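Source file start.cif; content: mmCIF, C-alpha atoms.
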data_input
#
loop_
_atom_site.label_atom_id
_atom_site.label_comp_id
_atom_site.auth_asym_id
_atom_site.auth_seq_id
_atom_site.Cartn_x
_atom_site.Cartn_y
_atom_site.Cartn_z
CA MET C 1 19.68 -37.10 52.97
CA GLY C 2 16.05 -37.78 53.74
CA LEU C 3 14.50 -34.41 52.88
CA ALA C 4 10.72 -34.22 53.05
CA PRO C 5 8.80 -33.78 49.78
CA GLU C 6 7.64 -30.31 50.83
CA VAL C 7 11.25 -29.24 51.38
CA LEU C 8 12.27 -30.55 47.96
CA LEU C 9 9.40 -28.69 46.32
CA GLU C 10 10.34 -25.54 48.22
CA MET C 11 13.82 -25.81 46.73
CA GLN C 12 12.31 -25.81 43.24
CA ARG C 13 9.95 -22.98 44.17
CA ARG C 14 12.79 -20.77 45.35
CA MET C 15 14.92 -21.52 42.30
CA LEU C 16 11.98 -20.60 40.10
CA ARG C 17 11.48 -17.39 42.07
CA ILE C 18 15.10 -16.37 41.56
CA ARG C 19 14.95 -17.17 37.84
CA GLY C 20 11.65 -15.35 37.33
CA PHE C 21 12.70 -12.36 39.42
CA ASP C 22 16.00 -11.90 37.61
CA GLU C 23 14.49 -12.40 34.17
CA ARG C 24 11.88 -9.75 34.96
CA ALA C 25 14.50 -7.40 36.44
CA SER C 26 16.55 -7.77 33.24
CA LYS C 27 13.54 -6.72 31.16
CA MET C 28 12.78 -3.80 33.48
CA VAL C 29 16.34 -2.49 33.11
CA LYS C 30 16.02 -2.59 29.33
CA ARG C 31 12.67 -0.78 29.50
CA GLY C 32 14.13 1.94 31.71
CA PHE C 33 12.11 1.06 34.82
CA ILE C 34 15.22 0.17 36.86
CA PRO C 35 18.03 2.76 36.87
CA GLY C 36 21.56 1.61 36.12
CA THR C 37 22.08 -2.11 35.76
CA VAL C 38 21.53 -5.35 37.63
CA HIS C 39 23.61 -8.50 38.05
CA THR C 40 21.56 -11.68 37.66
CA SER C 41 22.01 -15.14 39.14
CA ILE C 42 20.42 -16.88 36.16
CA GLY C 43 22.14 -20.27 35.94
CA GLN C 44 23.39 -20.15 39.53
CA GLU C 45 20.09 -20.81 41.31
CA ALA C 46 21.04 -24.26 42.61
CA GLN C 47 24.03 -23.07 44.60
CA VAL C 48 22.07 -20.13 46.03
CA VAL C 49 19.06 -22.19 47.13
CA GLY C 50 21.03 -25.24 48.20
CA ALA C 51 23.16 -23.09 50.48
CA CYS C 52 20.38 -20.89 51.86
CA MET C 53 18.06 -23.79 52.63
CA ALA C 54 20.82 -25.45 54.63
CA LEU C 55 20.54 -22.48 57.01
CA GLY C 56 17.94 -22.04 59.71
CA GLU C 57 15.41 -19.21 59.66
CA SER C 58 17.32 -17.21 62.28
CA ASP C 59 20.76 -17.74 60.73
CA TYR C 60 22.65 -14.89 59.06
CA MET C 61 23.76 -14.44 55.47
CA THR C 62 25.70 -11.80 53.53
CA GLY C 63 25.82 -11.44 49.77
CA ASN C 64 27.76 -9.67 47.05
CA HIS C 65 27.02 -7.61 43.94
CA ARG C 66 25.07 -10.53 42.40
CA SER C 67 22.62 -10.89 45.24
CA HIS C 68 18.94 -10.60 44.39
CA GLY C 69 18.82 -14.37 44.63
CA HIS C 70 20.32 -14.70 48.09
CA PRO C 71 17.45 -13.16 50.10
CA ILE C 72 14.99 -14.97 47.82
CA GLY C 73 16.81 -18.20 48.60
CA LYS C 74 16.51 -17.33 52.29
CA GLY C 75 12.75 -16.76 51.98
CA SER C 76 12.22 -13.06 51.21
CA PRO C 77 8.97 -12.09 49.45
CA LEU C 78 9.50 -10.75 45.94
CA GLY C 79 7.51 -7.51 46.03
CA PRO C 80 9.67 -5.46 48.43
CA LEU C 81 12.83 -6.73 46.68
CA MET C 82 11.57 -5.57 43.28
CA ALA C 83 10.49 -2.22 44.73
CA GLU C 84 14.01 -1.79 46.09
CA LEU C 85 15.50 -2.27 42.63
CA VAL C 86 13.21 0.48 41.34
CA GLY C 87 14.13 2.80 44.22
CA LYS C 88 10.63 2.89 45.71
CA SER C 89 9.65 3.47 49.34
CA GLY C 90 8.09 0.01 49.49
CA GLY C 91 11.50 -1.56 49.02
CA VAL C 92 13.24 -3.58 51.72
CA CYS C 93 15.57 -0.63 52.33
CA GLY C 94 13.06 2.09 51.54
CA GLY C 95 14.51 2.50 48.07
CA LYS C 96 17.95 3.56 49.32
CA GLY C 97 19.84 0.33 48.66
CA GLY C 98 18.94 -0.50 45.11
CA SER C 99 20.22 -3.59 43.36
CA LEU C 100 23.71 -3.54 44.84
CA HIS C 101 23.00 -2.79 48.50
CA LEU C 102 19.73 -4.40 49.49
CA ALA C 103 19.20 -6.25 52.76
CA ASP C 104 16.30 -8.01 54.45
CA PHE C 105 16.91 -8.43 58.16
CA SER C 106 13.59 -10.28 58.53
CA VAL C 107 15.19 -13.37 56.94
CA GLY C 108 18.71 -12.81 58.26
CA SER C 109 20.04 -11.18 55.08
CA LEU C 110 22.48 -8.62 56.47
CA GLY C 111 23.23 -6.99 53.14
CA GLU C 112 25.42 -7.03 50.10
CA SER C 113 27.89 -4.68 48.46
CA GLY C 114 29.31 -3.75 45.09
CA ILE C 115 32.77 -3.67 46.70
CA VAL C 116 34.24 -7.09 46.00
CA GLY C 117 34.60 -9.16 49.17
CA SER C 118 33.49 -6.39 51.51
CA SER C 119 30.54 -8.28 53.01
CA ILE C 120 32.76 -11.14 54.21
CA PRO C 121 33.90 -9.30 57.39
CA ILE C 122 30.25 -8.48 58.12
CA ALA C 123 29.43 -12.19 58.11
CA VAL C 124 32.39 -12.88 60.40
CA GLY C 125 31.16 -10.15 62.75
CA ALA C 126 27.72 -11.77 62.80
CA GLY C 127 29.39 -15.06 63.62
CA LEU C 128 31.28 -13.40 66.46
CA SER C 129 28.05 -11.99 67.89
CA ALA C 130 26.45 -15.44 67.72
CA SER C 131 29.45 -16.92 69.53
CA VAL C 132 29.41 -14.27 72.26
CA LEU C 133 25.64 -14.53 72.76
CA GLY C 134 25.66 -18.32 72.57
CA ASN C 135 22.49 -18.35 70.46
CA LYS C 136 23.63 -21.17 68.13
CA ARG C 137 23.16 -19.04 65.02
CA VAL C 138 25.36 -19.59 61.97
CA SER C 139 26.59 -16.94 59.54
CA LEU C 140 27.17 -17.65 55.85
CA ALA C 141 29.23 -15.39 53.57
CA PHE C 142 28.70 -15.62 49.82
CA PHE C 143 31.57 -14.41 47.61
CA GLY C 144 32.70 -15.01 44.06
CA ASP C 145 35.89 -16.41 42.59
CA GLY C 146 37.07 -12.83 42.05
CA ALA C 147 36.79 -12.14 45.78
CA ALA C 148 38.70 -15.33 46.53
CA ASN C 149 41.91 -13.32 46.11
CA GLN C 150 40.90 -10.41 48.34
CA GLY C 151 42.78 -9.93 51.58
CA CYS C 152 39.63 -9.44 53.64
CA LEU C 153 38.66 -13.06 52.94
CA TYR C 154 41.84 -14.35 54.53
CA GLU C 155 41.65 -11.95 57.44
CA GLY C 156 38.10 -13.15 58.04
CA MET C 157 39.01 -16.83 57.69
CA ASN C 158 41.95 -16.41 60.05
CA LEU C 159 39.87 -14.70 62.72
CA ALA C 160 37.05 -17.23 62.37
CA GLY C 161 39.57 -20.06 62.58
CA VAL C 162 41.33 -18.73 65.68
CA TRP C 163 38.09 -18.09 67.56
CA LYS C 164 36.18 -21.08 66.08
CA LEU C 165 33.36 -18.85 64.93
CA PRO C 166 30.19 -20.35 63.41
CA VAL C 167 30.86 -19.08 59.89
CA VAL C 168 30.53 -20.77 56.51
CA PHE C 169 32.55 -19.17 53.72
CA LEU C 170 30.93 -20.01 50.39
CA CYS C 171 32.73 -19.29 47.13
CA GLU C 172 30.39 -19.06 44.16
CA ASN C 173 32.93 -20.02 41.54
CA ASN C 174 31.17 -19.13 38.29
CA GLN C 175 34.65 -19.16 36.71
CA TYR C 176 34.76 -15.53 35.60
CA ALA C 177 35.41 -12.32 37.52
CA LEU C 178 33.53 -10.08 35.10
CA SER C 179 35.48 -11.15 31.98
CA THR C 180 38.62 -12.55 33.64
CA PRO C 181 38.82 -16.37 33.65
CA ALA C 182 39.50 -17.59 37.17
CA HIS C 183 42.27 -19.94 36.08
CA THR C 184 44.32 -16.98 34.79
CA VAL C 185 44.43 -15.18 38.15
CA THR C 186 43.85 -17.86 40.80
CA SER C 187 46.50 -20.40 41.70
CA GLY C 188 45.42 -23.83 42.83
CA VAL C 189 42.02 -24.91 44.11
CA ILE C 190 40.18 -22.34 46.19
CA ALA C 191 38.69 -24.94 48.57
CA GLU C 192 42.17 -26.22 49.43
CA ARG C 193 43.10 -22.83 50.90
CA ALA C 194 40.99 -23.73 53.94
CA ALA C 195 43.79 -25.93 55.29
CA GLY C 196 45.95 -22.89 55.95
CA PHE C 197 43.38 -21.65 58.44
CA GLY C 198 42.71 -24.92 60.22
CA MET C 199 39.26 -25.48 58.78
CA PRO C 200 37.80 -28.06 56.38
CA GLY C 201 37.40 -27.14 52.74
CA VAL C 202 35.16 -28.88 50.24
CA ARG C 203 34.64 -28.33 46.52
CA VAL C 204 31.23 -29.09 44.98
CA GLU C 205 32.11 -29.88 41.37
CA ASP C 206 28.51 -29.84 40.16
CA GLY C 207 27.03 -26.62 41.47
CA GLN C 208 24.01 -27.14 39.20
CA ASP C 209 22.85 -29.93 41.54
CA VAL C 210 20.88 -28.26 44.33
CA LEU C 211 21.02 -31.38 46.50
CA ALA C 212 24.81 -31.67 46.23
CA VAL C 213 25.17 -28.05 47.31
CA TYR C 214 22.69 -28.51 50.15
CA GLU C 215 24.53 -31.57 51.46
CA ALA C 216 27.92 -29.84 51.48
CA VAL C 217 26.66 -26.65 53.10
CA ASN C 218 24.45 -28.51 55.57
CA THR C 219 27.50 -30.41 56.83
CA ALA C 220 29.35 -27.11 57.32
CA VAL C 221 26.35 -25.52 59.06
CA GLU C 222 25.93 -28.44 61.44
CA ARG C 223 29.62 -28.31 62.27
CA ALA C 224 29.44 -24.57 62.95
CA ARG C 225 26.32 -24.89 65.09
CA ALA C 226 27.99 -27.58 67.17
CA GLY C 227 30.80 -25.18 68.05
CA GLU C 228 33.41 -26.82 65.84
CA GLY C 229 34.24 -23.66 63.91
CA PRO C 230 34.18 -22.42 60.32
CA SER C 231 34.33 -24.16 56.95
CA LEU C 232 35.04 -23.16 53.37
CA VAL C 233 32.78 -24.47 50.59
CA GLU C 234 33.62 -23.83 46.94
CA VAL C 235 30.80 -24.41 44.45
CA VAL C 236 31.54 -24.62 40.72
CA THR C 237 28.69 -23.03 38.77
CA TYR C 238 28.05 -20.77 35.77
CA ARG C 239 26.13 -17.59 35.03
CA PHE C 240 24.10 -17.80 31.85
CA HIS C 241 23.81 -14.05 31.27
CA GLU C 242 26.49 -11.38 30.95
CA HIS C 243 28.23 -10.05 34.06
CA SER C 244 25.59 -7.32 34.25
CA GLU C 245 22.60 -6.50 32.12
CA GLY C 246 23.40 -4.26 29.16
CA LEU C 247 27.17 -4.67 29.50
CA ARG C 248 28.88 -4.69 26.10
CA LEU C 249 32.56 -5.56 26.17
CA GLY C 250 33.09 -5.71 22.42
CA THR C 251 34.48 -9.23 22.61
CA ASP C 252 33.14 -12.65 23.53
CA TYR C 253 35.46 -13.92 26.23
CA ARG C 254 33.51 -17.16 26.75
CA ASP C 255 33.80 -20.04 24.34
CA ALA C 256 30.57 -20.89 22.51
CA GLU C 257 30.95 -24.61 23.17
CA GLU C 258 31.55 -23.94 26.85
CA LYS C 259 28.40 -21.86 27.13
CA ALA C 260 26.34 -24.41 25.22
CA ALA C 261 27.49 -27.21 27.53
CA TRP C 262 26.56 -25.26 30.65
CA LEU C 263 23.16 -24.29 29.24
CA GLN C 264 22.45 -28.01 29.08
CA ARG C 265 23.02 -28.06 32.84
CA ASP C 266 20.19 -25.70 33.73
CA PRO C 267 19.63 -26.39 37.46
CA ILE C 268 15.87 -25.78 37.30
CA VAL C 269 15.38 -28.17 34.40
CA LEU C 270 17.59 -30.79 36.03
CA PHE C 271 15.81 -30.66 39.39
CA ARG C 272 12.35 -30.69 37.84
CA ARG C 273 13.33 -33.89 36.06
CA TRP C 274 14.67 -35.36 39.31
CA LEU C 275 11.48 -34.47 41.21
CA ALA C 276 9.33 -36.18 38.57
CA GLU C 277 11.54 -39.26 38.23
CA ASN C 278 11.65 -39.76 42.00
CA GLY C 279 7.90 -39.43 42.47
CA VAL C 280 8.02 -36.22 44.48
CA ALA C 281 5.60 -34.43 42.15
CA SER C 282 3.81 -35.07 38.87
CA ASP C 283 4.35 -33.02 35.74
CA ALA C 284 0.97 -31.39 36.30
CA GLU C 285 1.93 -30.40 39.86
CA LEU C 286 5.25 -29.02 38.65
CA ASP C 287 3.49 -27.06 35.89
CA ALA C 288 1.18 -25.60 38.54
CA LEU C 289 4.16 -24.63 40.68
CA GLU C 290 5.74 -22.78 37.75
CA ALA C 291 2.47 -20.96 37.06
CA GLU C 292 2.20 -20.01 40.74
CA VAL C 293 5.68 -18.51 40.76
CA ALA C 294 5.06 -16.68 37.47
CA ALA C 295 2.04 -15.01 39.12
CA GLU C 296 4.24 -14.02 42.09
CA VAL C 297 6.69 -12.33 39.73
CA ASP C 298 3.87 -10.43 38.02
CA ALA C 299 2.58 -9.33 41.41
CA ALA C 300 6.09 -8.21 42.44
CA GLU C 301 6.42 -6.00 39.39
CA ALA C 302 2.97 -4.51 40.02
CA PHE C 303 3.89 -3.88 43.67
CA ALA C 304 7.07 -2.09 42.62
CA LYS C 305 5.27 0.09 40.09
CA ASP C 306 2.45 0.97 42.50
CA SER C 307 4.77 1.79 45.41
CA PRO C 308 5.50 5.54 45.73
CA TYR C 309 8.94 7.06 45.51
CA PRO C 310 10.47 8.04 48.88
CA ASP C 311 9.57 11.40 50.37
CA PRO C 312 12.53 13.77 49.75
CA ALA C 313 12.36 14.64 53.44
CA MET C 314 13.64 11.12 54.16
CA ALA C 315 16.92 11.71 52.31
CA PHE C 316 18.92 12.14 55.51
CA ALA C 317 17.08 9.58 57.62
CA ASP C 318 18.94 6.44 58.73
CA LEU C 319 22.36 8.11 58.53
CA TYR C 320 22.88 7.87 62.29
CA THR C 321 21.44 5.69 65.02
CA GLU C 322 20.29 8.90 66.73
CA PRO C 323 19.86 12.38 65.25
CA VAL C 324 22.84 14.66 65.92
CA PRO C 325 21.79 18.29 66.65
CA ILE C 326 23.71 20.60 64.34
CA ARG C 327 24.29 23.26 67.01
CA GLY C 328 25.55 20.67 69.48
CA ALA C 329 27.89 19.21 66.89
CA VAL C 330 29.35 22.65 66.11
CA GLU C 331 29.88 23.46 69.78
CA LEU C 332 31.51 20.07 70.28
CA ILE C 333 34.37 20.91 67.93
CA GLY C 334 34.82 24.39 69.42
CA ALA C 335 33.55 26.43 66.48
CA PRO C 336 31.73 29.71 67.21
CA ALA C 337 27.99 29.27 67.77
#
As structure tokens - that is how I would like this structure written.
Amino acid sequence: MGLAPEVLLEMQRRMLRIRGFDERASKMVKRGFIPGTVHTSIGQEAQVVGACMALGESDYMTGNHRSHGHPIGKGSPLGPLMAELVGKSGGVCGGKGGSLHLADFSVGSLGESGIVGSSIPIAVGAGLSASVLGNKRVSLAFFGDGAANQGCLYEGMNLAGVWKLPVVFLCENNQYALSTPAHTVTSGVIAERAAGFGMPGVRVEDGQDVLAVYEAVNTAVERARAGEGPSLVEVVTYRFHEHSEGLRLGTDYRDAEEKAAWLQRDPIVLFRRWLAENGVASDAELDALEAEVAAEVDAAEAFAKDSPYPDPAMAFADLYTEPVPIRGAVELIGAPA
């Protein structure tokens, strides 16, 4: 693979950022600082970072309801993301997106949605624009195993396959759609569905290995950038927390032994060990990196708390690309002035 030491350390830094950000967001929900709930990627950091770092800076990415980590994996600073969760004007969307609908165009993050699978067509559209403009950009669509059975995925894969669009479809198979085990609602192997659309499909069995994810996605990205069309990558991973923070279902749908086994596969712990064993960084350097990221998370929370709430006058801003005069709109439909 031949990745430079600074790239390997950046992988660990971004995984730590996602973990620290989501742990802090979880606490802020419980303290009442963040309205509603949040969906964390704790346990899934390797597949997020491995995929995002296989992209170039100008490439596109779309997320899903569990998507704080995706823009962080793509390089977003933490402060504006945390302010967005709190609904502050300093947020990446001015406080209007919140946890479920944030976006950061500065790093190519085109947005996410609480509607399962709905961001997939957006990624395909971005891939179409890249194809038409010939700018060699690649678009990556994150979606979960629950979205793997949504019709919009197959419409998007079909269109991307027919037009050979530079799109990577990435299924984050954390094995549960909320509380529904994937094997009870999904027939066969998700990655194998790629064959029906004339594209390669690969399944990364160990999604806790950031390098394995990077290698699989990098191959798909290089293929897309070369004009060879889309790919489907399925990554098997696991979320350590509940579907969303504060959710109480009244039953434990995950086996205790299963959870314990996956907790032993913490991607951050595993990669730290790999970095030390392969001479990339010493334990002292890795400790310093963790302290550095912890300070970033503290600063992000402070930024969010210090940022003002949006001016109420901005409530109707950004609804249209250009303001529509009310009188003109009334006259347009023939109503009396």
- Once the PyMOL selection byres ((chain C and resi 157) around 9) has been applied to the shown file, what residues remain in the selection, as a ChimeraX atom specification? /C:124,152-156,158-162,167,169,194,197,199,230-232
- Name every residue that the PyMOL selection byres ((chain C and resi 259-264) around 10) selects in this structure, writing the answer as a PyMOL selection string with chains first and numbers rising. chain C and resi 43+208+237-241+254-258+265-267+269-270
Expected file contents, prior selection, C-alpha atoms, as a PDB file, keeping the file's coordinate frame:
ATOM      1  CA  GLY C  43      22.140 -20.270  35.940  1.00  0.00           C
ATOM      2  CA  GLN C 208      24.010 -27.140  39.200  1.00  0.00           C
ATOM      3  CA  THR C 237      28.690 -23.030  38.770  1.00  0.00           C
ATOM      4  CA  TYR C 238      28.050 -20.770  35.770  1.00  0.00           C
ATOM      5  CA  ARG C 239      26.130 -17.590  35.030  1.00  0.00           C
ATOM      6  CA  PHE C 240      24.100 -17.800  31.850  1.00  0.00           C
ATOM      7  CA  HIS C 241      23.810 -14.050  31.270  1.00  0.00           C
ATOM      8  CA  ARG C 254      33.510 -17.160  26.750  1.00  0.00           C
ATOM      9  CA  ASP C 255      33.800 -20.040  24.340  1.00  0.00           C
ATOM     10  CA  ALA C 256      30.570 -20.890  22.510  1.00  0.00           C
ATOM     11  CA  GLU C 257      30.950 -24.610  23.170  1.00  0.00           C
ATOM     12  CA  GLU C 258      31.550 -23.940  26.850  1.00  0.00           C
ATOM     13  CA  ARG C 265      23.020 -28.060  32.840  1.00  0.00           C
ATOM     14  CA  ASP C 266      20.190 -25.700  33.730  1.00  0.00           C
ATOM     15  CA  PRO C 267      19.630 -26.390  37.460  1.00  0.00           C
ATOM     16  CA  VAL C 269      15.380 -28.170  34.400  1.00  0.00           C
ATOM     17  CA  LEU C 270      17.590 -30.790  36.030  1.00  0.00           C
TER      18      LEU C 270
END
- atom CA of C:Gly111 to atom CA of C:Ala302 measures 24.3 Å
- Message: Between atom CA of C:Thr180 and atom CA of C:Ser113, what is the distance in Å, rounded to a tenth?
- Response: 19.9 Å
Work out where the centre of an axis-aligned box around every listed atom of stretch 91-97 of chain C lies and how long its edges are once 6 Å is added on each side; give both in Å to one decimal as lines of an AutoDock Vina configuration file.
center_x = 15.7
center_y = 0.0
center_z = 50.2
size_x = 20.3
size_y = 19.1
size_z = 16.3
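Separating atom CA of C:Val7 from atom CA of C:Asp104 is a distance of 22.0 Å.
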- Go through C:Gly144, C:Gly134, C:Pro312, C:Gly56 and flag the residue nearest C:Gln44, using all atoms listed in the file for the distances.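 Looking only at the distances to C:Gln44, the closest residue turns out to be C:Gly144.
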- Please provide as a PyMOL selection string all residues within 8 Å of C:Asp145, with the sequence filter that same-chain residues fewer than 3 positions apart are discarded (counting only C-alpha atoms). chain C and resi 148-149+171-177+182
- Compute the distance from (26.9, -8.5, 32.9) to each atom, counting only C-alpha atoms, keep the residues with any atom at most 9 Å away, and return them as a list in words; use the coordinates of the file. Thr37, Val38, His39, Thr40, Leu178, His241, Glu242, His243, Ser244, Glu245, Gly246, Leu247 and Arg248 of chain C
- Item | Ground truth for the PyMOL selection byres ((chain C and resi 286-293) around 8), written as a list of chain:residue names | C:Arg13, C:Leu16, C:Arg17, C:Gly20, C:Arg272, C:Ala281, C:Ser282, C:Asp283, C:Ala284, C:Glu285, C:Ala294, C:Ala295, C:Glu296, C:Val297
Determine, counting all atoms listed in the file, every residue of protein, DNA or RNA that lies within 6 Å of (28.5, -8.1, 52.0) in the file coordinates, then give the result as a compact mmCIF listing (two decimals) with C-alpha atoms, in the frame of the given file.
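Saved the output as result.txt:
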# COMPACT_ATOMS: atom_id res chain seq x y z
CA THR C 62 25.70 -11.80 53.53
CA GLY C 63 25.82 -11.44 49.77
CA ASN C 64 27.76 -9.67 47.05
CA GLY C 111 23.23 -6.99 53.14
CA GLU C 112 25.42 -7.03 50.10
CA SER C 113 27.89 -4.68 48.46
CA SER C 118 33.49 -6.39 51.51
CA SER C 119 30.54 -8.28 53.01
CA ILE C 120 32.76 -11.14 54.21
- Looking at all atoms listed in the file, which of C:Gly36, C:Ser58, C:Gly79, C:Ile72 is the one that sits closest to C:Leu100? C:Gly36
- Query: C:Ala25, C:Leu128, C:Ala191, C:Val116: which is nearest C:Ala83, counting only C-alpha atoms?
  - Reply: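 Between C:Ala25, C:Leu128, C:Ala191, C:Val116, the residue approaching C:Ala83 most closely is C:Ala25.
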